[in-house]
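A short worksheet on the structure shown next.
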Amino acid sequence: MIYNTIKSTYLFLFILSIFCDVSCKQPTVKTSEEKEAETSNQEVKSEKTLRTAADRTAEYIPLLKGKKIAIVANQTSVIQKKSKYNPDVSSFHLVDYIHNSKDIDVVKVLAPEHGFRGKADAGEVIKDGIDTKTGLPIISLYGRNKKPSGEQLKDIDAVVFDIQDVGVRFYTYISTLHYVMEACAENNIPVILLDRPNPNAHYIDGPLLELEHQSFVGMHPVPVVYGMTIGEYGKMINGEKWLKNGIQCDLTVITNENYTHNTTYELPIKPSPNLPNATSINLYPSLCFFEGTNVSAGRGTNSQFQIYGSPFLKGLDYSFTPEPNEGAKYPKHKNKLCYGEDLRKTNYLSKMDLSWLLKAYSNTTNKSKFFNDFFVKLAGTQKLQQQIEAGATVSKIEQSWKADLENFKKTRSKYLLYK
């Protein structure tokens, strides 16, 4: 009897324990808000956020401690970083950030074309000055003084270079990089280059520059679109010994994080006054050739490098009138009605498009006045103008530079930092 009672009690407890175990493991019904929060957290954990080199302060600030620094910068030199003291601040200008860092002595700022704040016209002479926020002297690297002098670099221990490039040979920031590297190499000063994504890194195209046509809008034997970040380009300048007398710079490149050449990147700050958005940057390699002709590429409008036209293209439907504005005090065909095309809805380009240039030449009323001397400098070769004047098709022109592009890709591959 006692045995049966104990046996029944154990059996009851055993069944009860199973019931409790199953009950405890039943899924909890979550609210829609809880589910949304959980999904959001999983996405944040799995997402690889692109970080520019400037954002990776822990990688380069220690390299500057105890040193006198010059910084090559403009309006794009921004760190996306939350302030420890002010939650409303989400970014800092690089100069301000380093200037406020402990044990780093920022001595001066070196400013490229368009100036430190990026307001000047293309080609406008930039004057030396003082930064009103930090009180630092600003030395212009555009105009007569494109290369820092030994005197300007006197007592400098290192130069930090951080400027947003757009990956096009005639965009002058890579020429500024060349001269900064050359001056630093001559004065035994290391350069710390903070890399940034190239919005045109997804393709390589255009004629290679021939060295007899070397200028500030084309210094190296590379195609118009070279498919490299500015950090990779700096490594190529060094490795190919393109600096004067083959000297090499003590160059350190701080890389971007979670970036490839096919990463879509829309610039948070316009890199110059006449590249206002992603469309203009994407069309820039194709439309900048118009700068070497009597056709306007939209300077003096709000659609720079997204439209083209001139008073001599009356067979085309679209029209606009260039007027002075920021970045274009004296636009081509000022206050004159220009006829051309509106390209603002053009699909995203993965190669240069010469069709607009050939169409404009075909429709101009006076072909003898279509090109000016600047065209050959932009093209880096006389062949392109000769081909257009001879009536060559787009495909025939593209075929003529195919072999050069294949050779360039081999050179380029030695200096890539990203897939």
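Chain lettering (A, B, ...) mirrors the order of the structure tokens, residue numbering begins at 1 for each chain separately, and ligand numbering begins at 1 in order of display.
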
- [ ] Excluding range 302-308 of chain A and any residue of its chain fewer than 6 positions from it, enumerate the residues within 7 Å of it, using only C-alpha atoms, and give them as a list in words.
- [x] Asn274, Leu275, Thr279, Ser280, Leu283, Tyr284, Leu287, Val295, Ser296, Gly340, Glu341, Asp342, Leu343 and Arg344 of chain A

TODO: Rounded to one decimal place, report the CA of Gly227 in chain A-CA of Ala392 in chain A distance in Å.
DONE: 26.2 Å

Open item on the list: Set the distance at 10 Å and use only C-alpha atoms: which residues neighbour Asp55 in chain A once local chain neighbours fewer than 2 positions away are removed? I'd like the list as a list in words.
Closed with: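 Using only C-alpha atoms, the neighbours found are Leu50, Arg51, Thr52, Ala53, Thr57, Ala58, Glu59, Tyr60, Val78, Ile79, Gln80, Lys81, Ser91, Phe92, Leu94, Leu194, Arg196, Asn256 and Glu257 of chain A.
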
Selection export as a short mmCIF file (atom, residue, chain, number, x, y, z; two decimals), in the first residue's frame, atoms kept: all heavy atoms:
data_model
loop_
_atom_site.label_atom_id
_atom_site.label_comp_id
_atom_site.auth_asym_id
_atom_site.auth_seq_id
_atom_site.Cartn_x
_atom_site.Cartn_y
_atom_site.Cartn_z
N LEU A 50 30.28 51.72 -44.56
CA LEU A 50 31.45 52.32 -45.19
C LEU A 50 31.95 53.46 -44.30
O LEU A 50 31.19 54.33 -43.90
CB LEU A 50 31.10 52.84 -46.57
CG LEU A 50 32.24 53.30 -47.47
CD1 LEU A 50 31.79 53.27 -48.93
CD2 LEU A 50 32.73 54.69 -47.14
N ARG A 51 33.25 53.45 -44.01
CA ARG A 51 33.87 54.53 -43.25
C ARG A 51 35.05 55.05 -44.05
O ARG A 51 35.90 54.29 -44.50
CB ARG A 51 34.35 54.03 -41.88
CG ARG A 51 33.23 53.55 -40.97
CD ARG A 51 33.80 52.95 -39.70
NE ARG A 51 34.42 53.94 -38.85
CZ ARG A 51 35.46 53.70 -38.05
NH1 ARG A 51 36.03 52.52 -38.03
NH2 ARG A 51 35.95 54.66 -37.29
N THR A 52 35.08 56.35 -44.26
CA THR A 52 36.23 56.94 -44.95
C THR A 52 37.43 56.91 -44.02
O THR A 52 37.30 56.74 -42.80
CB THR A 52 35.95 58.39 -45.36
OG1 THR A 52 35.86 59.20 -44.18
CG2 THR A 52 34.65 58.50 -46.15
N ALA A 53 38.60 57.11 -44.59
CA ALA A 53 39.82 57.14 -43.76
C ALA A 53 39.75 58.24 -42.72
O ALA A 53 40.19 58.06 -41.58
CB ALA A 53 41.04 57.33 -44.67
N THR A 57 39.71 57.87 -37.09
CA THR A 57 40.67 58.73 -36.39
C THR A 57 41.72 57.95 -35.60
O THR A 57 42.86 58.40 -35.46
CB THR A 57 39.94 59.70 -35.46
OG1 THR A 57 39.08 58.96 -34.58
CG2 THR A 57 39.10 60.70 -36.25
N ALA A 58 41.33 56.80 -35.08
CA ALA A 58 42.28 56.00 -34.28
C ALA A 58 43.45 55.50 -35.12
O ALA A 58 44.50 55.15 -34.57
CB ALA A 58 41.56 54.82 -33.64
N GLU A 59 43.28 55.50 -36.46
CA GLU A 59 44.34 55.00 -37.34
C GLU A 59 45.41 56.05 -37.62
O GLU A 59 46.55 55.70 -37.95
CB GLU A 59 43.74 54.53 -38.67
CG GLU A 59 42.73 53.39 -38.54
CD GLU A 59 43.37 52.14 -37.97
OE1 GLU A 59 44.49 51.80 -38.39
OE2 GLU A 59 42.73 51.50 -37.10
N TYR A 60 45.06 57.34 -37.54
CA TYR A 60 46.05 58.34 -37.93
C TYR A 60 46.37 59.38 -36.86
O TYR A 60 47.47 59.95 -36.89
CB TYR A 60 45.63 59.04 -39.23
CG TYR A 60 44.33 59.80 -39.18
CD1 TYR A 60 44.27 61.14 -38.80
CD2 TYR A 60 43.13 59.18 -39.54
CE1 TYR A 60 43.07 61.84 -38.77
CE2 TYR A 60 41.93 59.87 -39.51
CZ TYR A 60 41.90 61.18 -39.13
OH TYR A 60 40.71 61.86 -39.11
N VAL A 78 35.83 66.31 -44.15
CA VAL A 78 34.94 66.23 -43.00
C VAL A 78 34.96 64.84 -42.39
O VAL A 78 35.01 63.84 -43.11
CB VAL A 78 33.50 66.61 -43.41
CG1 VAL A 78 32.50 66.34 -42.29
CG2 VAL A 78 33.43 68.08 -43.81
N ILE A 79 34.93 64.81 -41.07
CA ILE A 79 34.86 63.56 -40.31
C ILE A 79 33.42 63.37 -39.85
O ILE A 79 32.85 64.25 -39.22
CB ILE A 79 35.78 63.61 -39.07
CG1 ILE A 79 37.24 63.82 -39.49
CG2 ILE A 79 35.64 62.35 -38.23
CD1 ILE A 79 38.17 64.09 -38.31
N GLN A 80 32.83 62.22 -40.18
CA GLN A 80 31.49 61.90 -39.69
C GLN A 80 31.65 61.23 -38.33
O GLN A 80 31.93 60.05 -38.23
CB GLN A 80 30.76 60.98 -40.68
CG GLN A 80 30.63 61.54 -42.08
CD GLN A 80 29.82 62.83 -42.13
OE1 GLN A 80 28.90 63.04 -41.35
NE2 GLN A 80 30.19 63.71 -43.06
N LYS A 81 31.48 62.00 -37.28
CA LYS A 81 31.76 61.49 -35.94
C LYS A 81 30.91 62.24 -34.92
O LYS A 81 30.83 63.47 -34.95
CB LYS A 81 33.25 61.69 -35.62
CG LYS A 81 33.77 60.94 -34.41
CD LYS A 81 35.27 61.19 -34.28
CE LYS A 81 35.88 60.42 -33.14
NZ LYS A 81 35.93 58.98 -33.39
N SER A 91 29.33 65.78 -37.15
CA SER A 91 30.50 65.82 -38.02
C SER A 91 31.41 66.97 -37.63
O SER A 91 30.98 67.94 -36.99
CB SER A 91 30.08 65.95 -39.48
OG SER A 91 29.43 67.18 -39.70
N PHE A 92 32.68 66.84 -38.00
CA PHE A 92 33.68 67.86 -37.73
C PHE A 92 34.49 68.08 -39.00
O PHE A 92 34.74 67.14 -39.76
CB PHE A 92 34.66 67.41 -36.64
CG PHE A 92 34.05 67.13 -35.31
CD1 PHE A 92 33.51 65.88 -35.03
CD2 PHE A 92 34.04 68.09 -34.32
CE1 PHE A 92 32.96 65.61 -33.79
CE2 PHE A 92 33.50 67.83 -33.08
CZ PHE A 92 32.95 66.58 -32.81
N LEU A 94 37.99 68.27 -40.65
CA LEU A 94 39.24 67.63 -40.26
C LEU A 94 40.20 68.61 -39.59
O LEU A 94 40.85 68.28 -38.59
CB LEU A 94 39.91 67.02 -41.50
CG LEU A 94 41.26 66.35 -41.26
CD1 LEU A 94 41.06 64.98 -40.63
CD2 LEU A 94 42.05 66.22 -42.56
N LEU A 194 44.69 60.54 -46.37
CA LEU A 194 43.43 59.95 -45.92
C LEU A 194 42.57 59.65 -47.14
O LEU A 194 42.15 60.56 -47.85
CB LEU A 194 42.71 60.91 -44.97
CG LEU A 194 43.53 61.43 -43.78
CD1 LEU A 194 42.63 62.24 -42.85
CD2 LEU A 194 44.18 60.28 -43.02
N ARG A 196 39.53 58.44 -49.66
CA ARG A 196 38.08 58.62 -49.77
C ARG A 196 37.56 57.83 -50.97
O ARG A 196 38.30 57.63 -51.95
CB ARG A 196 37.72 60.10 -49.91
CG ARG A 196 37.92 60.89 -48.62
CD ARG A 196 37.42 62.31 -48.68
NE ARG A 196 37.56 62.93 -47.37
CZ ARG A 196 36.64 62.93 -46.42
NH1 ARG A 196 35.47 62.33 -46.66
NH2 ARG A 196 36.85 63.50 -45.26
N ASN A 256 39.98 53.38 -46.63
CA ASN A 256 38.55 53.33 -46.31
C ASN A 256 38.22 51.95 -45.75
O ASN A 256 38.88 50.97 -46.07
CB ASN A 256 37.70 53.57 -47.57
CG ASN A 256 37.99 54.89 -48.24
OD1 ASN A 256 37.98 55.93 -47.60
ND2 ASN A 256 38.25 54.85 -49.54
N GLU A 257 37.17 51.88 -44.98
CA GLU A 257 36.73 50.61 -44.40
C GLU A 257 35.43 50.17 -45.06
O GLU A 257 34.53 50.99 -45.30
CB GLU A 257 36.53 50.79 -42.90
CG GLU A 257 36.31 49.50 -42.13
CD GLU A 257 36.29 49.74 -40.64
OE1 GLU A 257 35.37 50.43 -40.15
OE2 GLU A 257 37.20 49.24 -39.94
#

- [ ] One decimal, Å: what's the distance from CA of Asn363 in chain A over to CA of Leu378 in chain A, could you say?
- [x]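 Taking CA of Asn363 in chain A and CA of Leu378 in chain A, their separation equals 21.7 Å.
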
Open item on the list: So that I can check the secondary structure, give me every residue of range 41-261 of chain A assigned strand (DSSP E) by backbone DSSP, as a PyMOL selection string.
Closed with: chain A and resi 68-73+78-80+91-93+105-111+129-130+137-140+158-162+191-194+251-254
